[in-house]
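Printed here is upload33.pdb (PDB, C-alpha atoms, pLDDT in the B column):
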ATOM      1  CA  MET H1295       1.560  -4.330 -14.494  1.00 34.00           C
ATOM      2  CA  VAL H1296       5.265  -3.981 -13.659  1.00 33.00           C
ATOM      3  CA  ILE H1297       6.969  -0.576 -13.607  1.00 34.00           C
ATOM      4  CA  PHE H1298      10.671  -0.248 -12.717  1.00 35.00           C
ATOM      5  CA  GLY H1299      10.545  -3.512 -10.817  1.00 39.00           C
ATOM      6  CA  LEU H1300       7.339  -2.520  -9.055  1.00 41.00           C
ATOM      7  CA  SER H1301       4.744  -5.206  -8.941  1.00 40.00           C
ATOM      8  CA  VAL H1302       1.417  -3.432  -8.893  1.00 41.00           C
ATOM      9  CA  VAL H1303      -1.315  -5.914  -8.131  1.00 44.00           C
ATOM     10  CA  GLY H1304      -4.618  -4.696  -9.601  1.00 41.00           C
ATOM     11  CA  HIS H1305      -7.071  -2.226  -8.182  1.00 40.00           C
ATOM     12  CA  LEU H1306      -9.895  -3.650  -6.068  1.00 40.00           C
ATOM     13  CA  LYS H1307     -12.881  -2.154  -7.870  1.00 36.00           C
ATOM     14  CA  THR H1308     -15.217  -3.112  -5.032  1.00 35.00           C
ATOM     15  CA  ALA H1309     -13.344  -1.038  -2.465  1.00 37.00           C
ATOM     16  CA  GLN H1310     -16.247   1.379  -2.203  1.00 34.00           C
ATOM     17  CA  LEU H1311     -18.386   2.281   0.768  1.00 34.00           C
ATOM     18  CA  GLY H1312     -22.098   1.638   1.070  1.00 34.00           C
ATOM     19  CA  VAL H1313     -24.739  -0.095  -1.007  1.00 34.00           C
ATOM     20  CA  ILE H1314     -25.469   0.754  -4.632  1.00 36.00           C
ATOM     21  CA  SER H1315     -28.159  -0.967  -6.718  1.00 36.00           C
ATOM     22  CA  ASN H1316     -28.573  -3.697  -4.098  1.00 38.00           C
ATOM     23  CA  LYS H1317     -24.917  -4.698  -4.544  1.00 40.00           C
ATOM     24  CA  ARG H1318     -22.881  -4.957  -1.350  1.00 45.00           C
ATOM     25  CA  TYR H1319     -19.491  -3.300  -1.448  1.00 50.00           C
ATOM     26  CA  ILE H1320     -16.511  -3.715   0.842  1.00 54.00           C
ATOM     27  CA  THR H1321     -16.303  -1.151   3.660  1.00 60.00           C
ATOM     28  CA  GLY H1322     -12.985   0.373   4.697  1.00 62.00           C
ATOM     29  CA  MET H1323     -12.773  -1.907   7.747  1.00 74.00           C
ATOM     30  CA  GLU H1324     -13.548  -5.031   5.712  1.00 88.00           C
ATOM     31  CA  LEU H1325     -10.936  -4.042   3.131  1.00 90.00           C
ATOM     32  CA  SER H1326      -8.352  -3.505   5.854  1.00 92.00           C
ATOM     33  CA  GLU H1327      -9.100  -6.881   7.442  1.00 93.00           C
ATOM     34  CA  ARG H1328      -8.913  -8.676   4.082  1.00 93.00           C
ATOM     35  CA  CYS H1329      -5.590  -7.012   3.275  1.00 95.00           C
ATOM     36  CA  MET H1330      -4.167  -7.978   6.657  1.00 96.00           C
ATOM     37  CA  GLN H1331      -5.274 -11.581   6.183  1.00 96.00           C
ATOM     38  CA  THR H1332      -3.734 -11.677   2.708  1.00 96.00           C
ATOM     39  CA  LEU H1333      -0.352 -10.437   3.924  1.00 97.00           C
ATOM     40  CA  GLU H1334      -0.395 -12.777   6.928  1.00 96.00           C
ATOM     41  CA  LYS H1335      -1.138 -15.738   4.621  1.00 97.00           C
ATOM     42  CA  GLU H1336       1.794 -14.647   2.451  1.00 97.00           C
ATOM     43  CA  GLY H1337       4.044 -15.049   5.495  1.00 95.00           C
ATOM     44  CA  PHE H1338       4.907 -11.452   6.345  1.00 96.00           C
ATOM     45  CA  GLU H1339       6.537 -11.265   9.798  1.00 92.00           C
ATOM     46  CA  SER H1340       4.943  -7.924  10.643  1.00 96.00           C
ATOM     47  CA  VAL H1341       1.506  -6.786   9.436  1.00 97.00           C
ATOM     48  CA  PHE H1342       0.019  -3.522  10.687  1.00 97.00           C
ATOM     49  CA  GLU H1343      -2.152  -0.542   9.780  1.00 96.00           C
ATOM     50  CA  TRP H1344      -0.674   2.945   9.334  1.00 96.00           C
ATOM     51  CA  THR H1345      -2.241   6.377   8.748  1.00 97.00           C
ATOM     52  CA  ASP H1346      -0.653   9.684   7.743  1.00 97.00           C
ATOM     53  CA  PRO H1347      -2.218  13.143   7.422  1.00 98.00           C
ATOM     54  CA  ALA H1348      -2.478  14.979   4.102  1.00 98.00           C
ATOM     55  CA  ARG H1349       0.738  15.890   2.302  1.00 98.00           C
ATOM     56  CA  THR H1350       3.062  13.962   4.639  1.00 98.00           C
ATOM     57  CA  GLU H1351       6.414  13.597   2.892  1.00 98.00           C
ATOM     58  CA  TYR H1352       8.760  10.644   3.193  1.00 97.00           C
ATOM     59  CA  PRO H1353      12.384  11.490   2.326  1.00 98.00           C
ATOM     60  CA  GLU H1354      14.464   9.306   0.025  1.00 98.00           C
ATOM     61  CA  HIS H1355      15.055   5.864   1.504  1.00 97.00           C
ATOM     62  CA  ALA H1356      15.202   2.167   0.621  1.00 96.00           C
ATOM     63  CA  HIS H1357      13.981  -0.962   2.399  1.00 94.00           C
ATOM     64  CA  LYS H1358      16.394  -3.755   3.314  1.00 93.00           C
ATOM     65  CA  GLY H1359      13.588  -6.317   3.472  1.00 94.00           C
ATOM     66  CA  LYS H1360      10.376  -7.118   1.628  1.00 95.00           C
ATOM     67  CA  VAL H1361       7.573  -4.518   2.035  1.00 97.00           C
ATOM     68  CA  SER H1362       4.047  -4.692   0.623  1.00 97.00           C
ATOM     69  CA  LEU H1363       1.415  -1.963   0.930  1.00 97.00           C
ATOM     70  CA  PHE H1364      -2.387  -2.119   0.487  1.00 96.00           C
ATOM     71  CA  VAL H1365      -4.031   1.332   0.397  1.00 96.00           C
ATOM     72  CA  THR H1366      -7.314   1.292   2.347  1.00 95.00           C
ATOM     73  CA  ASP H1367      -8.110   5.022   2.283  1.00 95.00           C
ATOM     74  CA  GLY H1368      -6.820   8.153   0.534  1.00 97.00           C
ATOM     75  CA  SER H1369      -3.810   8.136  -1.789  1.00 97.00           C
ATOM     76  CA  ILE H1370      -0.032   8.397  -1.988  1.00 98.00           C
ATOM     77  CA  SER H1371       2.455   9.145  -4.753  1.00 98.00           C
ATOM     78  CA  PHE H1372       5.772   7.259  -4.911  1.00 98.00           C
ATOM     79  CA  ASP H1373       8.787   8.457  -6.872  1.00 98.00           C
ATOM     80  CA  PHE H1374      11.223   5.671  -7.717  1.00 96.00           C
ATOM     81  CA  GLU H1375      14.089   7.745  -9.161  1.00 95.00           C
ATOM     82  CA  GLY H1376      11.825   9.502 -11.660  1.00 96.00           C
ATOM     83  CA  THR H1377       9.233   6.752 -12.105  1.00 96.00           C
ATOM     84  CA  ILE H1378       6.020   8.009 -10.467  1.00 97.00           C
ATOM     85  CA  LYS H1379       3.341   5.634  -9.202  1.00 97.00           C
ATOM     86  CA  VAL H1380       0.147   6.975  -7.621  1.00 97.00           C
ATOM     87  CA  LEU H1381      -1.731   4.536  -5.397  1.00 97.00           C
ATOM     88  CA  LYS H1382      -5.341   4.889  -4.291  1.00 96.00           C
ATOM     89  CA  VAL H1383      -7.863   2.786  -2.361  1.00 94.00           C
ATOM     90  CA  GLY H1384      -7.581  -0.889  -3.287  1.00 93.00           C
ATOM     91  CA  ASP H1385      -4.114  -0.652  -4.840  1.00 96.00           C
ATOM     92  CA  ARG H1386      -1.225  -2.836  -3.728  1.00 97.00           C
ATOM     93  CA  LEU H1387       2.457  -2.062  -4.123  1.00 97.00           C
ATOM     94  CA  ASP H1388       5.271  -4.560  -3.548  1.00 97.00           C
ATOM     95  CA  VAL H1389       8.253  -2.294  -2.924  1.00 96.00           C
ATOM     96  CA  PRO H1390      11.441  -3.646  -4.512  1.00 94.00           C
ATOM     97  CA  ILE H1391      14.140  -4.387  -1.930  1.00 95.00           C
ATOM     98  CA  GLY H1392      16.853  -1.727  -2.073  1.00 95.00           C
ATOM     99  CA  ALA H1393      15.008   0.590  -4.499  1.00 96.00           C
ATOM    100  CA  LEU H1394      15.507   4.256  -3.564  1.00 97.00           C
ATOM    101  CA  HIS H1395      12.236   6.171  -3.407  1.00 98.00           C
ATOM    102  CA  THR H1396      10.378   9.100  -1.895  1.00 98.00           C
ATOM    103  CA  ALA H1397       6.660   9.379  -1.212  1.00 98.00           C
ATOM    104  CA  THR H1398       4.073  12.125  -0.722  1.00 98.00           C
ATOM    105  CA  VAL H1399       0.673  11.460   0.821  1.00 98.00           C
ATOM    106  CA  GLY H1400      -2.343  12.825  -1.087  1.00 98.00           C
ATOM    107  CA  ASP H1401      -4.603  15.741  -0.155  1.00 97.00           C
ATOM    108  CA  ARG H1402      -6.925  13.603   2.011  1.00 97.00           C
ATOM    109  CA  GLY H1403      -4.222  11.677   3.844  1.00 97.00           C
ATOM    110  CA  TRP H1404      -3.977   7.910   3.569  1.00 97.00           C
ATOM    111  CA  SER H1405      -4.417   4.669   5.470  1.00 96.00           C
ATOM    112  CA  VAL H1406      -2.488   1.567   4.528  1.00 97.00           C
ATOM    113  CA  VAL H1407      -1.969  -2.019   5.577  1.00 97.00           C
ATOM    114  CA  VAL H1408       1.752  -2.784   5.624  1.00 97.00           C
ATOM    115  CA  GLY H1409       3.453  -6.156   5.471  1.00 97.00           C
ATOM    116  CA  GLU H1410       7.163  -6.274   6.285  1.00 96.00           C
ATOM    117  CA  GLU H1411       9.809  -8.972   6.279  1.00 93.00           C
ATOM    118  CA  PHE H1412      13.058  -8.019   7.891  1.00 83.00           C
ATOM    119  CA  GLU H1413      16.517  -8.590   6.505  1.00 71.00           C
ATOM    120  CA  GLU H1414      18.308 -11.426   8.240  1.00 62.00           C
ATOM    121  CA  GLY H1415      21.854 -11.037   9.425  1.00 51.00           C
ATOM    122  CA  PRO H1416      23.889  -9.015  11.925  1.00 52.00           C
TER     123      PRO H1416
END
Translate the structure described by the file into structure tokens.
Amino acid sequence: MVIFGLSVVGHLKTAQLGVISNKRYITGMELSERCMQTLEKEGFESVFEWTDPARTEYPEHAHKGKVSLFVTDGSISFDFEGTIKVLKVGDRLDVPIGALHTATVGDRGWSVVVGEEFEEGP
């Protein structure tokens, strides 16, 4: 799915905790590790985990380099100049370079794996 230049890469349905009907599901830590490995394999210069408390607000800003986010817990709502995208556990968002946006963390907070590439130049 692509919305306003946002590449939203599917929702990981198995990003649940525990065991149900003898099926093994990915724990939060396993999901985080898999997301970090994915972003490292994709060549991101910086890959790290980040957590914010409930209802944290990010003011309008844009990224000068490539940024990808994998949500590993909770949720966050992005507003790309009127286009709203809510992300929850297992969702990935590739933030378009230079796209102005704000964000508000959900009621339970959120944890995310972030991959960043930095703009080259002066």
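One finds atom CA of H:Asp1388 at 11.7 Å from atom CA of H:Glu1411.
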Matched chain/residue IDs from the PyMOL selection byres ((chain H and resi 1382) around 7), as number ranges by chain: H: 1365, 1368-1370, 1380-1381, 1383-1385
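Here atom CA of H:Gly1400 is placed at a distance of 17.2 Å from atom CA of H:Glu1343.
Our summary of the geometry notes that atom CA of H:Gly1392 is positioned 8.6 Å from atom CA of H:His1355.
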Return the single residue from H:Lys1379, H:Lys1335, H:Lys1358, H:Arg1328 that is closest to H:Thr1396, with distances computed using all atoms listed in the file. H:Lys1379
Residue contacts of H:Glu1339 (9 Å, all atoms listed in the file) excluding same-chain residues fewer than 3 positions away, as JSON, numbers by chain: {"H": [1334, 1409, 1410, 1411, 1412]}
With distances taken over only C-alpha atoms, which residue among H:Ala1356, H:Ile1378, H:Ala1393, H:Leu1363 lies nearest H:Trp1344? H:Leu1363
Which residues fall under the PyMOL selection byres ((chain H and resi 1327) around 12) in this file, as JSON, numbers by chain? {"H": [1320, 1321, 1322, 1323, 1324, 1325, 1326, 1328, 1329, 1330, 1331, 1332, 1333, 1334, 1341, 1342, 1343, 1364, 1365, 1366, 1406, 1407, 1408]}
Nearest candidate to H:Thr1398 (options H:Phe1338, H:Gly1359, H:Glu1351, H:Thr1377; using all atoms listed in the file): H:Glu1351
Which one is closest to H:Val1389: H:Glu1375, H:Gly1403, H:Val1361, H:Asp1367? Count only C-alpha atoms. H:Val1361
What's around H:Ala1397 at 6 Å? Count all atoms listed in the file, leave out sequence neighbours fewer than 2 positions away in its own chain, and write the answer as a compact mmCIF listing (two decimals) with C-alpha atoms, in the coordinates of the input.
# COMPACT_ATOMS: atom_id res chain seq x y z
CA GLU H 1351 6.41 13.60 2.89
CA TYR H 1352 8.76 10.64 3.19
CA SER H 1371 2.46 9.14 -4.75
CA PHE H 1372 5.77 7.26 -4.91
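Nearest residue to H:Arg1349, choosing from H:Ser1362, H:Glu1413, H:Trp1404, H:Glu1336 and counting all atoms listed in the file: H:Trp1404.
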Take stretch 1347-1364 of chain H, model N, CA and C atoms, and hand the result over as a CSV table (one decimal), in the frame of the given file.
chain,number,residue,atom,x,y,z
H,1347,PRO,N,-1.4,12.0,7.9
H,1347,PRO,CA,-2.2,13.1,7.4
H,1347,PRO,C,-1.8,13.6,6.0
H,1348,ALA,N,-2.7,14.4,5.5
H,1348,ALA,CA,-2.5,15.0,4.1
H,1348,ALA,C,-1.1,15.6,3.9
H,1349,ARG,N,-0.5,15.3,2.8
H,1349,ARG,CA,0.7,15.9,2.3
H,1349,ARG,C,2.0,15.5,3.1
H,1350,THR,N,1.9,14.5,3.9
H,1350,THR,CA,3.1,14.0,4.6
H,1350,THR,C,4.1,13.6,3.6
H,1351,GLU,N,5.3,13.9,3.8
H,1351,GLU,CA,6.4,13.6,2.9
H,1351,GLU,C,7.4,12.6,3.5
H,1352,TYR,N,7.7,11.6,2.8
H,1352,TYR,CA,8.8,10.6,3.2
H,1352,TYR,C,10.0,10.9,2.4
H,1353,PRO,N,11.1,11.2,3.1
H,1353,PRO,CA,12.4,11.5,2.3
H,1353,PRO,C,12.9,10.2,1.6
H,1354,GLU,N,13.9,10.4,0.8
H,1354,GLU,CA,14.5,9.3,0.0
H,1354,GLU,C,15.0,8.2,1.0
H,1355,HIS,N,14.6,7.0,0.7
H,1355,HIS,CA,15.1,5.9,1.5
H,1355,HIS,C,14.9,4.6,0.7
H,1356,ALA,N,15.4,3.5,1.2
H,1356,ALA,CA,15.2,2.2,0.6
H,1356,ALA,C,14.9,1.2,1.8
H,1357,HIS,N,14.3,0.1,1.4
H,1357,HIS,CA,14.0,-1.0,2.4
H,1357,HIS,C,14.9,-2.1,2.2
H,1358,LYS,N,15.4,-2.6,3.3
H,1358,LYS,CA,16.4,-3.8,3.3
H,1358,LYS,C,15.7,-5.1,3.2
H,1359,GLY,N,14.4,-5.1,3.5
H,1359,GLY,CA,13.6,-6.3,3.5
H,1359,GLY,C,12.4,-6.1,2.6
H,1360,LYS,N,11.6,-7.2,2.5
H,1360,LYS,CA,10.4,-7.1,1.6
H,1360,LYS,C,9.3,-6.3,2.3
H,1361,VAL,N,8.7,-5.4,1.5
H,1361,VAL,CA,7.6,-4.5,2.0
H,1361,VAL,C,6.4,-4.5,1.0
H,1362,SER,N,5.2,-4.8,1.5
H,1362,SER,CA,4.0,-4.7,0.6
H,1362,SER,C,3.0,-3.8,1.3
H,1363,LEU,N,2.4,-3.0,0.5
H,1363,LEU,CA,1.4,-2.0,0.9
H,1363,LEU,C,0.1,-2.2,0.2
H,1364,PHE,N,-1.0,-2.1,1.0
H,1364,PHE,CA,-2.4,-2.1,0.5
H,1364,PHE,C,-3.0,-0.8,0.9
